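Chemist: File target.tsv below, TSV, C-alpha atoms and all ligand atoms:
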```
chain	number	residue	atom	x	y	z
A	1	MET	CA	28.98	36.38	-14.92
A	2	ASP	CA	30.50	33.99	-17.49
A	3	ASN	CA	30.39	30.88	-15.31
A	4	ALA	CA	27.40	31.81	-13.20
A	5	LYS	CA	24.41	29.53	-13.05
A	6	THR	CA	21.18	30.85	-14.55
A	7	LEU	CA	18.76	31.01	-11.63
A	8	ILE	CA	15.74	32.62	-13.25
A	9	GLN	CA	14.63	32.18	-16.85
A	10	VAL	CA	11.81	34.17	-18.40
A	11	ARG	CA	10.87	32.83	-21.80
A	12	ASP	CA	8.51	34.51	-24.27
A	13	CYS	CA	6.44	35.95	-21.48
A	14	TRP	CA	3.25	37.87	-22.32
A	15	LYS	CA	0.80	39.49	-19.94
A	16	SER	CA	-2.53	41.18	-20.59
A	17	PHE	CA	-5.07	42.54	-18.15
A	18	PRO	CA	-8.77	43.09	-18.88
A	19	GLY	CA	-9.44	46.84	-19.17
A	20	LYS	CA	-12.48	48.70	-17.78
A	21	SER	CA	-14.56	48.40	-20.93
A	22	GLY	CA	-13.73	44.78	-21.63
A	23	GLU	CA	-10.77	45.42	-23.93
A	24	MET	CA	-7.42	43.76	-23.14
A	25	ILE	CA	-4.49	45.90	-21.98
A	26	HIS	CA	-1.33	44.34	-23.31
A	27	VAL	CA	1.39	45.02	-20.75
A	28	LEU	CA	4.21	42.57	-21.51
A	29	GLU	CA	5.03	41.18	-24.91
A	30	ARG	CA	7.58	38.45	-25.58
A	31	VAL	CA	9.81	39.19	-22.58
A	32	ASN	CA	12.97	37.10	-22.36
A	33	LEU	CA	15.31	37.39	-19.44
A	34	ASP	CA	17.98	35.39	-17.62
A	35	VAL	CA	19.04	36.17	-14.08
A	36	TYR	CA	22.28	34.66	-12.84
A	37	GLU	CA	22.77	33.31	-9.35
A	38	GLY	CA	24.29	35.92	-7.05
A	39	GLU	CA	23.91	38.87	-9.40
A	40	PHE	CA	22.37	42.24	-8.72
A	41	LEU	CA	19.99	42.88	-11.58
A	42	CYS	CA	18.04	46.10	-11.99
A	43	ILE	CA	14.99	46.49	-14.19
A	44	VAL	CA	14.30	50.00	-15.49
A	45	GLY	CA	11.78	51.31	-17.98
A	46	PRO	CA	9.22	54.03	-18.62
A	47	SER	CA	6.51	54.65	-16.05
A	48	GLY	CA	3.71	52.09	-16.28
A	49	CYS	CA	5.53	49.84	-18.76
A	50	GLY	CA	5.12	46.71	-16.65
A	51	LYS	CA	8.19	46.44	-14.42
A	52	SER	CA	6.19	45.56	-11.32
A	53	THR	CA	4.03	43.20	-13.34
A	54	LEU	CA	7.14	41.33	-14.50
A	55	LEU	CA	8.51	41.14	-10.95
A	56	ASN	CA	5.16	39.90	-9.65
A	57	ILE	CA	5.10	37.18	-12.30
A	58	ILE	CA	8.64	36.07	-11.44
A	59	GLY	CA	7.72	36.19	-7.74
A	60	GLY	CA	4.68	33.99	-8.27
A	61	PHE	CA	2.03	36.55	-7.32
A	62	ILE	CA	0.45	36.72	-10.75
A	63	LYS	CA	0.47	34.35	-13.68
A	64	GLU	CA	1.76	35.16	-17.13
A	65	THR	CA	-0.82	35.04	-19.93
A	66	GLN	CA	1.57	33.16	-22.15
A	67	GLY	CA	5.17	31.97	-21.85
A	68	GLU	CA	7.18	30.38	-19.12
A	69	VAL	CA	9.05	31.46	-16.00
A	70	ARG	CA	11.41	29.03	-14.30
A	71	VAL	CA	13.27	29.60	-11.07
A	72	ASP	CA	16.00	27.20	-10.01
A	73	GLY	CA	15.00	24.78	-12.75
A	74	GLY	CA	11.29	24.53	-11.89
A	75	PRO	CA	8.19	26.42	-12.98
A	76	VAL	CA	6.93	29.19	-10.69
A	77	LEU	CA	3.73	27.92	-9.05
A	78	GLY	CA	3.31	30.67	-6.45
A	79	PRO	CA	5.25	32.69	-3.87
A	80	ASP	CA	8.10	30.79	-2.24
A	81	PRO	CA	9.64	31.54	1.18
A	82	LYS	CA	13.13	31.15	-0.32
A	83	ARG	CA	12.44	34.21	-2.44
A	84	ILE	CA	11.24	37.22	-0.58
A	85	PHE	CA	9.71	40.50	-1.62
A	86	VAL	CA	11.04	43.63	0.05
A	87	PHE	CA	8.33	46.23	-0.15
A	88	GLN	CA	8.49	49.89	0.67
A	89	GLU	CA	8.93	50.73	4.32
A	90	ASN	CA	5.25	50.28	5.18
A	91	GLY	CA	5.59	46.51	4.77
A	92	VAL	CA	6.60	46.12	8.41
A	93	PHE	CA	4.03	45.10	11.03
A	94	PRO	CA	3.26	48.20	13.12
A	95	TRP	CA	2.22	46.18	16.18
A	96	LEU	CA	5.53	44.31	16.40
A	97	THR	CA	8.87	45.63	17.65
A	98	VAL	CA	11.94	45.72	15.42
A	99	GLU	CA	13.20	42.38	16.74
A	100	GLU	CA	9.76	40.78	16.46
A	101	ASN	CA	9.44	42.01	12.88
A	102	VAL	CA	12.88	40.71	11.94
A	103	GLY	CA	12.20	37.34	13.58
A	104	PHE	CA	8.75	37.00	12.06
A	105	GLY	CA	9.69	34.31	9.53
A	106	LEU	CA	11.67	32.32	12.10
A	107	MET	CA	8.92	31.25	14.48
A	108	SER	CA	9.51	27.56	13.81
A	109	ARG	CA	13.24	27.78	14.67
A	110	PRO	CA	14.68	27.08	18.14
A	111	ALA	CA	14.64	30.23	20.31
A	112	ALA	CA	18.44	30.47	20.60
A	113	GLU	CA	18.96	30.26	16.84
A	114	ARG	CA	16.16	32.75	16.21
A	115	GLU	CA	17.66	35.20	18.70
A	116	GLU	CA	21.10	34.89	17.16
A	117	ARG	CA	19.90	35.45	13.60
A	118	VAL	CA	17.71	38.37	14.61
A	119	GLN	CA	20.57	40.10	16.45
A	120	HIS	CA	23.00	39.40	13.61
A	121	TYR	CA	20.81	41.00	10.96
A	122	ILE	CA	19.66	43.89	13.13
A	123	GLU	CA	23.33	44.74	13.53
A	124	MET	CA	24.06	44.24	9.82
A	125	VAL	CA	21.41	46.75	8.77
A	126	GLY	CA	22.53	49.27	11.41
A	127	LEU	CA	19.60	49.07	13.84
A	128	LYS	CA	21.45	47.97	16.96
A	129	GLY	CA	19.93	49.74	19.96
A	130	PHE	CA	16.47	49.85	18.36
A	131	GLU	CA	15.50	46.21	18.99
A	132	LYS	CA	12.56	47.11	21.24
A	133	ALA	CA	11.35	50.07	19.18
A	134	TYR	CA	8.07	50.01	17.28
A	135	PRO	CA	7.91	51.06	13.61
A	136	ARG	CA	6.11	54.32	14.48
A	137	GLU	CA	9.20	55.34	16.47
A	138	LEU	CA	11.49	54.88	13.44
A	139	SER	CA	12.25	56.97	10.37
A	140	GLY	CA	11.29	55.75	6.90
A	141	GLY	CA	14.85	54.62	6.20
A	142	MET	CA	14.97	52.68	9.45
A	143	ARG	CA	11.68	50.94	8.67
A	144	GLN	CA	13.12	49.98	5.30
A	145	ARG	CA	16.12	48.50	7.11
A	146	VAL	CA	13.73	46.39	9.21
A	147	GLU	CA	12.23	45.06	5.96
A	148	ILE	CA	15.65	44.13	4.60
A	149	ALA	CA	16.73	42.52	7.88
A	150	ARG	CA	13.56	40.43	7.92
A	151	ALA	CA	14.22	39.10	4.42
A	152	LEU	CA	17.84	38.32	5.27
A	153	ALA	CA	17.00	36.67	8.61
A	154	ALA	CA	14.54	34.37	6.85
A	155	ASN	CA	17.52	33.25	4.74
A	156	ALA	CA	15.94	33.96	1.39
A	157	ASP	CA	18.13	33.14	-1.63
A	158	VAL	CA	16.55	35.82	-3.77
A	159	LEU	CA	15.35	39.30	-2.85
A	160	TYR	CA	12.72	40.89	-5.07
A	161	MET	CA	12.75	44.62	-4.49
A	162	ASP	CA	10.15	46.89	-6.08
A	163	GLU	CA	11.17	50.56	-5.76
A	164	PRO	CA	12.17	49.83	-2.16
A	165	PHE	CA	13.69	53.27	-1.60
A	166	GLY	CA	11.09	55.20	-3.58
A	167	ALA	CA	9.54	56.86	-0.53
A	168	LEU	CA	12.81	57.95	1.06
A	169	ASP	CA	14.49	61.34	0.86
A	170	PHE	CA	17.52	61.76	-1.39
A	171	LEU	CA	20.29	61.44	1.19
A	172	THR	CA	18.68	58.47	2.91
A	173	ARG	CA	18.33	56.82	-0.48
A	174	LEU	CA	22.03	57.24	-1.21
A	175	LYS	CA	22.92	55.74	2.17
A	176	MET	CA	20.50	52.84	1.71
A	177	ARG	CA	22.00	52.05	-1.70
A	178	ALA	CA	25.52	51.95	-0.27
A	179	ASP	CA	24.37	49.76	2.61
A	180	LEU	CA	22.41	47.43	0.38
A	181	ILE	CA	25.50	46.85	-1.79
A	182	ARG	CA	27.62	46.17	1.29
A	183	ILE	CA	25.04	43.65	2.54
A	184	TRP	CA	24.68	42.04	-0.88
A	185	GLN	CA	28.46	41.63	-1.14
A	186	THR	CA	28.51	39.92	2.28
A	187	GLU	CA	25.42	37.76	1.81
A	188	LYS	CA	25.81	36.84	-1.87
A	189	LYS	CA	22.06	36.83	-2.54
A	190	THR	CA	20.50	37.23	-5.94
A	191	VAL	CA	18.73	40.60	-6.11
A	192	LEU	CA	16.10	41.68	-8.63
A	193	PHE	CA	15.52	45.37	-8.15
A	194	VAL	CA	12.87	47.39	-9.98
A	195	THR	CA	13.37	51.13	-10.19
A	196	HIS	CA	12.36	53.97	-12.46
A	197	ASP	CA	15.58	55.74	-11.43
A	198	ILE	CA	18.33	55.11	-13.97
A	199	GLU	CA	21.03	56.60	-11.74
A	200	GLU	CA	20.00	54.25	-8.96
A	201	ALA	CA	20.20	51.28	-11.33
A	202	VAL	CA	23.70	52.20	-12.53
A	203	GLN	CA	24.88	52.73	-8.95
A	204	LEU	CA	23.65	49.31	-7.88
A	205	ALA	CA	23.51	46.76	-10.67
A	206	ASP	CA	25.76	44.22	-12.33
A	207	ARG	CA	23.36	44.41	-15.26
A	208	VAL	CA	20.49	46.73	-16.08
A	209	VAL	CA	17.53	45.41	-18.04
A	210	VAL	CA	15.99	48.28	-19.98
A	211	MET	CA	12.35	47.77	-20.89
A	212	SER	CA	10.52	49.49	-23.70
A	213	ARG	CA	7.20	51.29	-23.52
A	214	ARG	CA	4.03	49.27	-23.15
A	215	PRO	CA	3.47	46.65	-24.42
A	216	ALA	CA	6.91	46.22	-22.95
A	217	THR	CA	9.69	43.93	-23.96
A	218	VAL	CA	13.38	43.95	-23.07
A	219	ALA	CA	14.86	46.72	-25.21
A	220	GLU	CA	18.41	45.98	-24.15
A	221	THR	CA	20.45	44.61	-21.26
A	222	VAL	CA	23.39	46.77	-20.24
A	223	THR	CA	26.31	45.31	-18.28
A	224	VAL	CA	27.68	47.74	-15.69
A	225	ASP	CA	31.31	46.76	-15.57
A	226	LEU	CA	32.42	49.32	-12.96
A	227	PRO	CA	34.19	48.74	-9.64
A	228	ARG	CA	32.33	49.22	-6.38
A	229	PRO	CA	31.86	51.49	-4.55
A	230	ARG	CA	30.93	53.37	-7.71
A	231	ASP	CA	32.32	56.78	-8.42
A	232	LEU	CA	29.36	58.82	-9.63
A	233	ASP	CA	31.65	61.25	-11.45
A	234	ALA	CA	33.68	58.59	-13.27
A	235	PRO	CA	33.48	58.72	-17.08
A	236	GLY	CA	32.43	55.03	-17.18
A	237	TYR	CA	29.53	55.69	-14.82
A	238	LEU	CA	28.32	58.69	-16.78
A	239	ALA	CA	28.68	56.89	-20.11
A	240	THR	CA	26.65	53.89	-18.87
A	241	ARG	CA	23.96	56.16	-17.48
A	242	ASP	CA	23.75	58.14	-20.71
A	243	ARG	CA	23.60	54.96	-22.75
A	244	ILE	CA	20.55	53.80	-20.79
A	245	PHE	CA	18.91	57.20	-21.19
A	246	ALA	CA	19.56	56.91	-24.94
A	247	ILE	CA	18.03	53.42	-25.11
A	248	MET	CA	14.95	54.85	-23.45
A	249	GLY	CA	14.87	57.58	-26.05
A	250	MET	CA	15.97	60.37	-23.77
A	251	ASP	CA	18.86	62.76	-24.15
A	252	VAL	CA	20.01	63.50	-20.62
A	253	HIS	CA	21.77	66.67	-21.74
A	254	SER	CA	18.59	68.21	-23.11
A	255	GLY	CA	16.48	67.41	-20.05
A	256	GLY	CA	14.68	64.29	-21.30
A	257	ASP	CA	11.24	63.61	-19.94
A	258	LEU	CA	11.35	60.54	-17.71
A	259	SER	CA	7.64	59.90	-17.80
A	260	HIS	CA	7.54	58.61	-21.37
A	301	LIG	N1	-4.23	43.86	-11.87
A	301	LIG	C1	-4.24	44.71	-12.90
A	301	LIG	N2	-5.36	44.89	-13.63
A	301	LIG	C2	-5.39	45.74	-14.69
A	301	LIG	N3	-4.32	46.44	-15.11
A	301	LIG	C3	-3.18	46.30	-14.41
A	301	LIG	C4	-3.06	45.43	-13.27
A	301	LIG	N4	-1.80	45.50	-12.81
A	301	LIG	C5	-1.14	46.37	-13.61
A	301	LIG	N5	-1.96	46.84	-14.57
A	301	LIG	C6	-1.59	47.80	-15.62
A	301	LIG	O1	-0.42	47.33	-16.22
A	301	LIG	C7	0.45	48.39	-16.57
A	301	LIG	C8	1.81	48.17	-15.99
A	301	LIG	O2	1.79	48.35	-14.60
A	301	LIG	P1	3.08	48.13	-13.70
A	301	LIG	O3	2.73	48.58	-12.31
A	301	LIG	O4	3.60	46.77	-13.88
A	301	LIG	O5	4.12	49.16	-14.35
A	301	LIG	P2	5.46	49.76	-13.79
A	301	LIG	O6	6.40	49.81	-14.93
A	301	LIG	O7	5.91	49.02	-12.57
A	301	LIG	O8	5.00	51.22	-13.39
A	301	LIG	P3	5.64	52.37	-12.45
A	301	LIG	O9	6.98	52.68	-12.99
A	301	LIG	O10	4.70	53.50	-12.63
A	301	LIG	O11	5.65	51.80	-11.08
A	301	LIG	C9	-0.24	49.66	-16.07
A	301	LIG	O12	-0.89	50.25	-17.15
A	301	LIG	C10	-1.23	49.15	-15.06
A	301	LIG	O13	-2.34	50.00	-15.00
```
When written as structure tokens, how does the structure in this file appear?
Ligand SMILES: Nc1ncnc2c1ncn2[C@@H]1O[C@H](COP(=O)(O)OP(=O)(O)OP(=O)(O)O)[C@@H](O)[C@H]1O

Modeler:
Amino acid sequence: MDNAKTLIQVRDCWKSFPGKSGEMIHVLERVNLDVYEGEFLCIVGPSGCGKSTLLNIIGGFIKETQGEVRVDGGPVLGPDPKRIFVFQENGVFPWLTVEENVGFGLMSRPAAEREERVQHYIEMVGLKGFEKAYPRELSGGMRQRVEIARALAANADVLYMDEPFGALDFLTRLKMRADLIRIWQTEKKTVLFVTHDIEEAVQLADRVVVMSRRPATVAETVTVDLPRPRDLDAPGYLATRDRIFAIMGMDVHSGGDLSH
């Protein structure tokens, strides 16, 4: 990433929420982060430390209490159609078919162009043959593919993904990770991916941002310099994974508790 352009800059970002009895809950404290154009960046950290909060600030859904977030040189003033959130599978519209869901952000485009983009991305995510199906007729993994196809069809530059595979079973998750990497390598988007799963982060990311407990800051950023597709038995993979566990204060070999 030596020559890559910095696309997202988070500078001295703080976030507090008012608690139930009027006290302030300090969630983020002095967070600094750079995201490079085209990279796959994962954010991991203990449960409830503020990963989603940080992603929502970068995505323009909530405002930082203090600090600055800049995307593509300008301040974040709100959500932007060039940067799309991919939610868990239930983000799709149940009353629309697969092709209508995928084409949802393309209503203003000429019909022929819309049709071409929709078909292209349906094929890319492996849903060919299911164009006319409704979400209720699909598995969780397939619904998640619809979500990804919709973001890609809308030609977003950046995908914000918050635990997108969290609701899927183990094997489907592995398949979705492999497919997401294949798509990312073809499409060259910037991906910010929040997960509590360290293995998932090391399988996917160019760099893993490890956050501390709340009030959270960036404890360390770990570069994952391993070829893709990643060999999950390779010494480099295991060493990177164990290093992240260690940063989070967990010894993987003694059954560290992931909830702290
Ligand atoms: N709108 C809000 N009002 C009050 N507190 C909030 C709000 N949003 C988040 N919080 C609190 O901020 C903290 C961080 O939440 P957040 O969802 O960002 O953490 P997370 O790291 O993504 O968690 P998880 O890994 O469990 O998904 C939590 O204690 C949460 O209760």

Chemist: Which residues are close to Val86 in chain A, i.e. within 9 Å by only C-alpha atoms, leaving aside same-chain residues fewer than 3 positions away? Reply as an MDAnalysis selection string.

Modeler: chainID A and resid 89 91 144 147:148 150:151 159:162 164

Chemist: Check which residues fall inside 10 Å of ligand LIG 301 (chain A) when counting only C-alpha atoms and all ligand atoms, and print them as a PyMOL selection string.

Modeler: chain A and resi 15-20+24-28+43-57+62+162-163+166+194-197+211-216+259

Chemist: For CA of Ile181 in chain A and CA of Asn101 in chain A, determine how far apart the two atoms are, in Å to one decimal place.

Modeler: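 Value for the CA of Ile181 in chain A-CA of Asn101 in chain A distance: 22.3 Å.
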
Chemist: Could you tell me which of A:Leu192, A:Ala234, A:Cys42, A:Val158 comes closest to Lys82 in chain A if we count all atoms listed in the file?

Modeler: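 For Lys82 in chain A, the nearest of the given residues is A:Val158.
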
Chemist: Which of these, A:Val98, A:Leu152, A:Val210, A:Val76, has the shortest distance to Gly129 in chain A once you count all atoms listed in the file?

Modeler: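 When distances to Gly129 in chain A are compared using all atoms listed in the file, the smallest one comes from A:Val98.
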
Chemist: Could you check the closest approach to Asp206 in chain A for each of A:Phe193, A:Trp95, A:Phe40, A:Phe245 and tell me which residue wins, using all atoms listed in the file?

Modeler: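 Closest residue, counting all atoms listed in the file: A:Phe40.
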
Chemist: Restricting the calculation to only C-alpha atoms, which member of A:Ile8, A:Cys13, A:Val222, A:Ala167 is positioned closest to Arg207 in chain A?

Modeler: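 Closest residue, counting only C-alpha atoms: A:Val222.
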
Chemist: Quick one: of A:Gln88, A:Leu204, A:Glu39, A:Ala154, who's nearest to Ser108 in chain A, counting only C-alpha atoms?

Modeler: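 Nearest candidate to Ser108 in chain A out of A:Gln88, A:Leu204, A:Glu39, A:Ala154: A:Ala154.
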
Chemist: By how many Å are CA of Val218 in chain A and CA of Thr240 in chain A apart?

Modeler: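 Here the two named atoms are 17.1 Å from each other.
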
Chemist: So what do you get for CA of Val10 in chain A versus CA of Leu33 in chain A, distance-wise?

Modeler: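 CA of Val10 in chain A sits 4.9 Å away from CA of Leu33 in chain A.
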
Chemist: From the list A:Val125, A:Gly103, A:Asp242, A:Asp34, which residue is nearest Thr186 in chain A when using all atoms listed in the file?

Modeler: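 Ranking A:Val125, A:Gly103, A:Asp242, A:Asp34 by distance to Thr186 in chain A, first place goes to A:Val125.
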
Chemist: If you count all atoms listed in the file, which residues fall within 10 Å of Gln9 in chain A, apart from same-chain ones fewer than 6 positions away, as an MDAnalysis selection string?

Modeler: chainID A and resid 32:36 58 68:75

Chemist: Take the point (16.0, 28.8, 10.9) as written in the file and pick out every residue within 9 Å of it, counting only C-alpha atoms; give the list as a list in words.

Modeler: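 Using only C-alpha atoms, the matching residues come out as Gly105, Leu106, Met107, Ser108, Arg109, Pro110, Glu113, Arg114, Arg117, Ala153, Ala154 and Asn155 of chain A.
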
Chemist: Would you pick out the contacts of Trp14 in chain A at 6 Å or less, using only C-alpha atoms, so that residues sharing its chain but fewer than 3 positions from it are not included, and give the list as a PyMOL selection string?

Modeler: chain A and resi 28-30+65-66
